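Chemist: After the structure tokens below, expect a handful of questions from me.
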There are 2 protein chains.
Amino acid sequence: MLCYDILTRNQRHVLDLLLAEKTALSAYTILDRLRIKGFRAPLQVYRALEKLIKLGLVHRLESLNAFIACSRPECEEHSLIAFVICRKCSNIIEFDNGVIDDNVKKHMQTINFWPQDTILEIRGICAGCHSFV
Amino acid sequence: MLCYDILTRNQRHVLDLLLAEKTALSAYTILDRLRIKGFRAPLQVYRALEKLIKLGLVHRLESLNAFIACSRPECEEHSLIAFVICRKCSNIIEFDNGVIDDNVKKHMQTINFWPQDTILEIRGICAGCHSFV
DNA sequence: AGTACTAATGTTATGCTATGATATATTAAC
DNA sequence: GTTAATATATCATAGCATAACATTAGTACT
């Protein structure tokens, strides 16, 4: 990981937890899990998350109010950060698709909009869960 | 509007308000504006919103925790419901893009995922605000 | 009309999510 | 070592959302 050694104690605790879990956690769940490390208030979590998100090591899932470690922290830049979220098993998969990204960028040009952040979250049923129907 | 006459009193109050405002409102803002109509509790708003969203007359903006009237309620089905949100003027524009939708669907097929809801919200600076820089 | 069913409403209470404000401590730069 | 910037700790508060339960209103059928 590129900037792991730059992280502070709290930031590293939060990132380590999110890397250990494979799924997304809410800020308050993170708080509870890190009480053993001395965390006592939501702000400790939110401030660490803020930095980790800025570094691209963690993403926020807007539709879940939850946070997940980036699955490709080695990448300097994603073309587009996007997620599929299974409603049954709650599994979350991050994906990166240059074609979709190009489509979006092109559309933004046609409507004359300067995009800064793009949120793409797709909720549905994953392959594993679908085969159980 | 297709199903306007089916709506109940509370649902109609909420929809009318959202149609009058051009922007997105939080549930609690809606509650405050509708106190004059007799609204007293958040649940009255949330329940009306739930129905309106199910009917496709209102959309939820996940990145804002806010709600906005659909700008194309006459459409039975959108190919993809997507928004651009200006960080400066807070203006919100709904858009519909078949190419993006097709490529998302295509990607979902390749990863074997059954999509139900797709959230696409793009935050940045709109043309009007950008020209002031 | 009366019964049964379904959907919507009203209300209280509660829980989850997020940030403001202030003071202290730590780190980096000069 | 002083300064400046960043991170931390803590308390308080604001904002968002739903559980649970009681009541009312509308619909369908006999």
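By convention in this document, the chains of the structure tokens carry letters A, B, ... by their order, each chain's residues are numbered from 1, and ligands are numbered from 1 in the order they are shown.
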List every residue of chain A that DSSP, applied to the backbone of this structure, places in strand (DSSP E or B), and write the result as a PyMOL selection string.

Modeler: chain A and resi 25+58-61+66-69+82-86+92-95+114-125

Chemist: Got a sec to align chain A on chain B by every in-order Cα pair and hand back the fitted coordinates as a PDB file with C-alpha atoms, in the first residue's frame?

Modeler:
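And here is the file that came out, out-v5.pdb:
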```pdb
ATOM      1  CA  MET A   1     -49.229  12.496 -14.283  1.00  0.00           C
ATOM      2  CA  LEU A   2     -50.312   8.929 -14.531  1.00  0.00           C
ATOM      3  CA  CYS A   3     -51.263   7.974 -11.033  1.00  0.00           C
ATOM      4  CA  TYR A   4     -51.823  11.349  -9.438  1.00  0.00           C
ATOM      5  CA  ASP A   5     -55.475  10.707  -8.648  1.00  0.00           C
ATOM      6  CA  ILE A   6     -54.623   7.484  -6.862  1.00  0.00           C
ATOM      7  CA  LEU A   7     -52.567   9.330  -4.275  1.00  0.00           C
ATOM      8  CA  THR A   8     -53.770   9.853  -0.756  1.00  0.00           C
ATOM      9  CA  ARG A   9     -53.894  13.208   0.984  1.00  0.00           C
ATOM     10  CA  ASN A  10     -50.473  12.956   2.619  1.00  0.00           C
ATOM     11  CA  GLN A  11     -48.838  11.585  -0.500  1.00  0.00           C
ATOM     12  CA  ARG A  12     -50.283  14.396  -2.555  1.00  0.00           C
ATOM     13  CA  HIS A  13     -49.104  17.045  -0.100  1.00  0.00           C
ATOM     14  CA  VAL A  14     -45.563  15.706  -0.274  1.00  0.00           C
ATOM     15  CA  LEU A  15     -45.576  15.391  -4.043  1.00  0.00           C
ATOM     16  CA  ASP A  16     -47.043  18.866  -4.547  1.00  0.00           C
ATOM     17  CA  LEU A  17     -44.329  20.342  -2.382  1.00  0.00           C
ATOM     18  CA  LEU A  18     -41.549  18.539  -4.224  1.00  0.00           C
ATOM     19  CA  LEU A  19     -42.995  19.560  -7.561  1.00  0.00           C
ATOM     20  CA  ALA A  20     -43.175  23.180  -6.453  1.00  0.00           C
ATOM     21  CA  GLU A  21     -39.588  23.233  -5.249  1.00  0.00           C
ATOM     22  CA  LYS A  22     -37.196  22.521  -8.054  1.00  0.00           C
ATOM     23  CA  THR A  23     -34.542  21.108  -5.789  1.00  0.00           C
ATOM     24  CA  ALA A  24     -34.266  18.171  -3.409  1.00  0.00           C
ATOM     25  CA  LEU A  25     -35.592  18.394   0.119  1.00  0.00           C
ATOM     26  CA  SER A  26     -34.753  16.342   3.178  1.00  0.00           C
ATOM     27  CA  ALA A  27     -37.541  14.470   4.900  1.00  0.00           C
ATOM     28  CA  TYR A  28     -37.359  16.812   7.867  1.00  0.00           C
ATOM     29  CA  THR A  29     -37.514  19.894   5.674  1.00  0.00           C
ATOM     30  CA  ILE A  30     -40.594  18.427   4.059  1.00  0.00           C
ATOM     31  CA  LEU A  31     -42.031  17.845   7.496  1.00  0.00           C
ATOM     32  CA  ASP A  32     -41.479  21.450   8.497  1.00  0.00           C
ATOM     33  CA  ARG A  33     -43.012  22.798   5.309  1.00  0.00           C
ATOM     34  CA  LEU A  34     -46.048  20.595   5.723  1.00  0.00           C
ATOM     35  CA  ARG A  35     -46.751  21.355   9.369  1.00  0.00           C
ATOM     36  CA  ILE A  36     -49.210  23.939   8.085  1.00  0.00           C
ATOM     37  CA  LYS A  37     -51.059  21.071   6.425  1.00  0.00           C
ATOM     38  CA  GLY A  38     -51.219  19.150   9.677  1.00  0.00           C
ATOM     39  CA  PHE A  39     -48.085  17.040   9.456  1.00  0.00           C
ATOM     40  CA  ARG A  40     -46.592  16.372  12.868  1.00  0.00           C
ATOM     41  CA  ALA A  41     -44.216  13.412  12.679  1.00  0.00           C
ATOM     42  CA  PRO A  42     -41.391  12.205  10.422  1.00  0.00           C
ATOM     43  CA  LEU A  43     -43.178   8.971   9.709  1.00  0.00           C
ATOM     44  CA  GLN A  44     -45.938  10.775   7.903  1.00  0.00           C
ATOM     45  CA  VAL A  45     -43.345  12.083   5.495  1.00  0.00           C
ATOM     46  CA  TYR A  46     -41.358   8.873   5.181  1.00  0.00           C
ATOM     47  CA  ARG A  47     -44.439   6.793   4.495  1.00  0.00           C
ATOM     48  CA  ALA A  48     -45.651   9.142   1.804  1.00  0.00           C
ATOM     49  CA  LEU A  49     -42.201   9.204   0.244  1.00  0.00           C
ATOM     50  CA  GLU A  50     -42.009   5.439   0.273  1.00  0.00           C
ATOM     51  CA  LYS A  51     -45.136   5.195  -1.805  1.00  0.00           C
ATOM     52  CA  LEU A  52     -44.175   8.005  -4.153  1.00  0.00           C
ATOM     53  CA  ILE A  53     -40.791   6.405  -4.769  1.00  0.00           C
ATOM     54  CA  LYS A  54     -42.437   3.072  -5.478  1.00  0.00           C
ATOM     55  CA  LEU A  55     -44.637   4.799  -8.049  1.00  0.00           C
ATOM     56  CA  GLY A  56     -41.608   6.440  -9.620  1.00  0.00           C
ATOM     57  CA  LEU A  57     -42.869   9.927  -8.932  1.00  0.00           C
ATOM     58  CA  VAL A  58     -40.091  10.775  -6.511  1.00  0.00           C
ATOM     59  CA  HIS A  59     -36.440   9.777  -6.397  1.00  0.00           C
ATOM     60  CA  ARG A  60     -34.134   9.535  -3.454  1.00  0.00           C
ATOM     61  CA  LEU A  61     -30.720  11.125  -3.729  1.00  0.00           C
ATOM     62  CA  GLU A  62     -28.490   8.819  -1.748  1.00  0.00           C
ATOM     63  CA  SER A  63     -25.590  11.191  -1.551  1.00  0.00           C
ATOM     64  CA  LEU A  64     -27.762  13.940  -0.101  1.00  0.00           C
ATOM     65  CA  ASN A  65     -30.274  12.017   1.991  1.00  0.00           C
ATOM     66  CA  ALA A  66     -32.859  14.037   0.144  1.00  0.00           C
ATOM     67  CA  PHE A  67     -35.806  13.584  -2.155  1.00  0.00           C
ATOM     68  CA  ILE A  68     -36.765  15.148  -5.455  1.00  0.00           C
ATOM     69  CA  ALA A  69     -39.772  14.915  -7.733  1.00  0.00           C
ATOM     70  CA  CYS A  70     -39.149  12.966 -10.889  1.00  0.00           C
ATOM     71  CA  SER A  71     -38.671  15.335 -13.766  1.00  0.00           C
ATOM     72  CA  ARG A  72     -40.201  12.918 -16.243  1.00  0.00           C
ATOM     73  CA  PRO A  73     -43.154  11.418 -14.423  1.00  0.00           C
ATOM     74  CA  GLU A  74     -44.870  10.799 -17.724  1.00  0.00           C
ATOM     75  CA  CYS A  75     -42.341   8.115 -18.590  1.00  0.00           C
ATOM     76  CA  GLU A  76     -43.417   4.664 -17.627  1.00  0.00           C
ATOM     77  CA  GLU A  77     -39.872   3.471 -17.330  1.00  0.00           C
ATOM     78  CA  HIS A  78     -36.550   5.226 -17.308  1.00  0.00           C
ATOM     79  CA  SER A  79     -33.626   3.467 -18.839  1.00  0.00           C
ATOM     80  CA  LEU A  80     -31.497   4.700 -15.990  1.00  0.00           C
ATOM     81  CA  ILE A  81     -32.205   7.269 -13.324  1.00  0.00           C
ATOM     82  CA  ALA A  82     -29.196   9.452 -12.832  1.00  0.00           C
ATOM     83  CA  PHE A  83     -28.393  12.875 -11.452  1.00  0.00           C
ATOM     84  CA  VAL A  84     -25.837  15.578 -11.687  1.00  0.00           C
ATOM     85  CA  ILE A  85     -25.583  17.700  -8.568  1.00  0.00           C
ATOM     86  CA  CYS A  86     -23.830  21.046  -8.539  1.00  0.00           C
ATOM     87  CA  ARG A  87     -21.717  21.621  -5.447  1.00  0.00           C
ATOM     88  CA  LYS A  88     -21.933  25.376  -5.800  1.00  0.00           C
ATOM     89  CA  CYS A  89     -25.531  26.204  -6.585  1.00  0.00           C
ATOM     90  CA  SER A  90     -27.013  22.892  -5.385  1.00  0.00           C
ATOM     91  CA  ASN A  91     -28.933  22.591  -8.599  1.00  0.00           C
ATOM     92  CA  ILE A  92     -29.871  19.057  -9.513  1.00  0.00           C
ATOM     93  CA  ILE A  93     -30.505  17.763 -12.992  1.00  0.00           C
ATOM     94  CA  GLU A  94     -31.957  14.371 -13.683  1.00  0.00           C
ATOM     95  CA  PHE A  95     -30.782  12.644 -16.808  1.00  0.00           C
ATOM     96  CA  ASP A  96     -31.415   9.521 -18.709  1.00  0.00           C
ATOM     97  CA  ASN A  97     -28.793   7.901 -20.884  1.00  0.00           C
ATOM     98  CA  GLY A  98     -29.431   4.691 -22.742  1.00  0.00           C
ATOM     99  CA  VAL A  99     -25.799   4.171 -23.673  1.00  0.00           C
ATOM    100  CA  ILE A 100     -24.601   4.259 -20.089  1.00  0.00           C
ATOM    101  CA  ASP A 101     -27.473   2.049 -19.101  1.00  0.00           C
ATOM    102  CA  ASP A 102     -26.446  -0.473 -21.754  1.00  0.00           C
ATOM    103  CA  ASN A 103     -22.835  -0.349 -20.557  1.00  0.00           C
ATOM    104  CA  VAL A 104     -23.934  -1.065 -17.011  1.00  0.00           C
ATOM    105  CA  LYS A 105     -26.289  -3.866 -18.023  1.00  0.00           C
ATOM    106  CA  LYS A 106     -23.577  -5.457 -20.128  1.00  0.00           C
ATOM    107  CA  HIS A 107     -21.093  -5.292 -17.304  1.00  0.00           C
ATOM    108  CA  MET A 108     -23.617  -6.836 -14.936  1.00  0.00           C
ATOM    109  CA  GLN A 109     -24.017  -9.722 -17.347  1.00  0.00           C
ATOM    110  CA  THR A 110     -20.312 -10.326 -17.525  1.00  0.00           C
ATOM    111  CA  ILE A 111     -20.028 -10.513 -13.748  1.00  0.00           C
ATOM    112  CA  ASN A 112     -23.266 -12.458 -13.472  1.00  0.00           C
ATOM    113  CA  PHE A 113     -25.106  -9.987 -11.272  1.00  0.00           C
ATOM    114  CA  TRP A 114     -28.866  -9.330 -11.359  1.00  0.00           C
ATOM    115  CA  PRO A 115     -29.303  -5.598 -10.910  1.00  0.00           C
ATOM    116  CA  GLN A 116     -32.444  -4.202  -9.291  1.00  0.00           C
ATOM    117  CA  ASP A 117     -31.624  -0.566  -8.564  1.00  0.00           C
ATOM    118  CA  THR A 118     -28.860   1.524 -10.016  1.00  0.00           C
ATOM    119  CA  ILE A 119     -27.722   4.662  -8.293  1.00  0.00           C
ATOM    120  CA  LEU A 120     -25.738   7.087 -10.398  1.00  0.00           C
ATOM    121  CA  GLU A 121     -25.057  10.460  -8.857  1.00  0.00           C
ATOM    122  CA  ILE A 122     -22.421  12.772 -10.206  1.00  0.00           C
ATOM    123  CA  ARG A 123     -21.281  15.680  -8.090  1.00  0.00           C
ATOM    124  CA  GLY A 124     -19.373  18.563  -9.546  1.00  0.00           C
ATOM    125  CA  ILE A 125     -19.828  22.042 -10.964  1.00  0.00           C
ATOM    126  CA  CYS A 126     -22.549  22.960 -13.414  1.00  0.00           C
ATOM    127  CA  ALA A 127     -22.032  25.047 -16.511  1.00  0.00           C
ATOM    128  CA  GLY A 128     -23.513  28.177 -14.997  1.00  0.00           C
ATOM    129  CA  CYS A 129     -21.359  28.103 -11.888  1.00  0.00           C
ATOM    130  CA  HIS A 130     -18.238  27.152 -13.785  1.00  0.00           C
ATOM    131  CA  SER A 131     -18.445  30.232 -15.967  1.00  0.00           C
ATOM    132  CA  PHE A 132     -18.240  32.425 -12.854  1.00  0.00           C
ATOM    133  CA  VAL A 133     -14.778  31.113 -11.964  1.00  0.00           C
TER     134      VAL A 133
END
```

Chemist: Within 12 Å of chain A, which residues of chain C show up when using only C-alpha atoms (C1' of nucleotides), listed as a PDB file with C-alpha atoms (C1' of nucleotides), in the first residue's frame?

Modeler:
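Generated file (part.pdb):
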```
ATOM      1  C1'  DG C  15     -32.016   4.284  17.375  1.00  0.00           C
ATOM      2  C1'  DC C  16     -28.649   5.359  13.933  1.00  0.00           C
ATOM      3  C1'  DT C  17     -25.729   8.759  11.437  1.00  0.00           C
ATOM      4  C1'  DA C  18     -22.953  12.903  11.425  1.00  0.00           C
ATOM      5  C1'  DT C  19     -20.870  17.335  12.825  1.00  0.00           C
ATOM      6  C1'  DG C  20     -19.891  21.809  15.761  1.00  0.00           C
ATOM      7  C1'  DT C  26       1.705  15.494  18.619  1.00  0.00           C
ATOM      8  C1'  DT C  27       4.451  16.152  14.539  1.00  0.00           C
TER       9       DT C  27
END
```

Chemist: Give the residues of chain D that lie within 12 Å of chain B; count only C-alpha atoms (C1' of nucleotides), and format the answer as a list in words.

Modeler: DA14, DG15, DC16, DA17, DT18, DA19, DA25 and DG26 of chain D

Chemist: So that I can check the surroundings of DT30 (chain D), please list as a ChimeraX atom specification every protein, DNA and RNA residue that reaches within 12 Å of it, counting only C-alpha atoms (C1' of nucleotides) and ignoring chain neighbours fewer than 5 positions away.

Modeler: /C:1-4

Chemist: Write the residues you've just listed into a file as a PDB file, in the first residue's frame, and include C-alpha atoms (C1' of nucleotides) for each of them.

Modeler:
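Dumped everything to out-v2.pdb:
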```
ATOM      1  C1'  DA C   1     -75.983  -2.287   5.463  1.00  0.00           C
ATOM      2  C1'  DG C   2     -72.639  -5.493   7.640  1.00  0.00           C
ATOM      3  C1'  DT C   3     -68.488  -8.041   7.713  1.00  0.00           C
ATOM      4  C1'  DA C   4     -63.843  -8.760   6.571  1.00  0.00           C
TER       5       DA C   4
END
```

Chemist: Could you tell me how far C1' of DA20 (chain D) lies from C1' of DT6 (chain C), in Å and to one decimal?

Modeler: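 That distance, rounded to one decimal, is 19.1 Å.
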
Chemist: Please identify which residues in chain A DSSP calls alpha helix (DSSP H) from the backbone, and express them as a PyMOL selection string.

Modeler: chain A and resi 9-20+27-33+42-54+98-111+127-130

Chemist: When you look at DT22 (chain C) with a cut-off of 12 Å (counting only C-alpha atoms (C1' of nucleotides)), what residues show up, excluding the ones that are within fewer than 4 positions of it in the same chain? I need them as a VMD selection string.

Modeler: chain D and resid 9 to 12

Chemist: Hey, can you check how far C1' of DT2 (chain D) sits from C1' of DA21 (chain C)?

Modeler: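 So the answer is 27.0 Å.
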
Chemist: One number please: C1' of DT9 (chain C) to C1' of DT27 (chain D), in Å, one decimal.

Modeler: 16.7 Å

Chemist: Give me the residues within 12 Å of DT3 (chain D) as a list in words, counting only C-alpha atoms (C1' of nucleotides) and dropping any in the same chain fewer than 2 places off.

Modeler: DA28, DA29 and DC30 of chain C; DG1 and DA5 of chain D
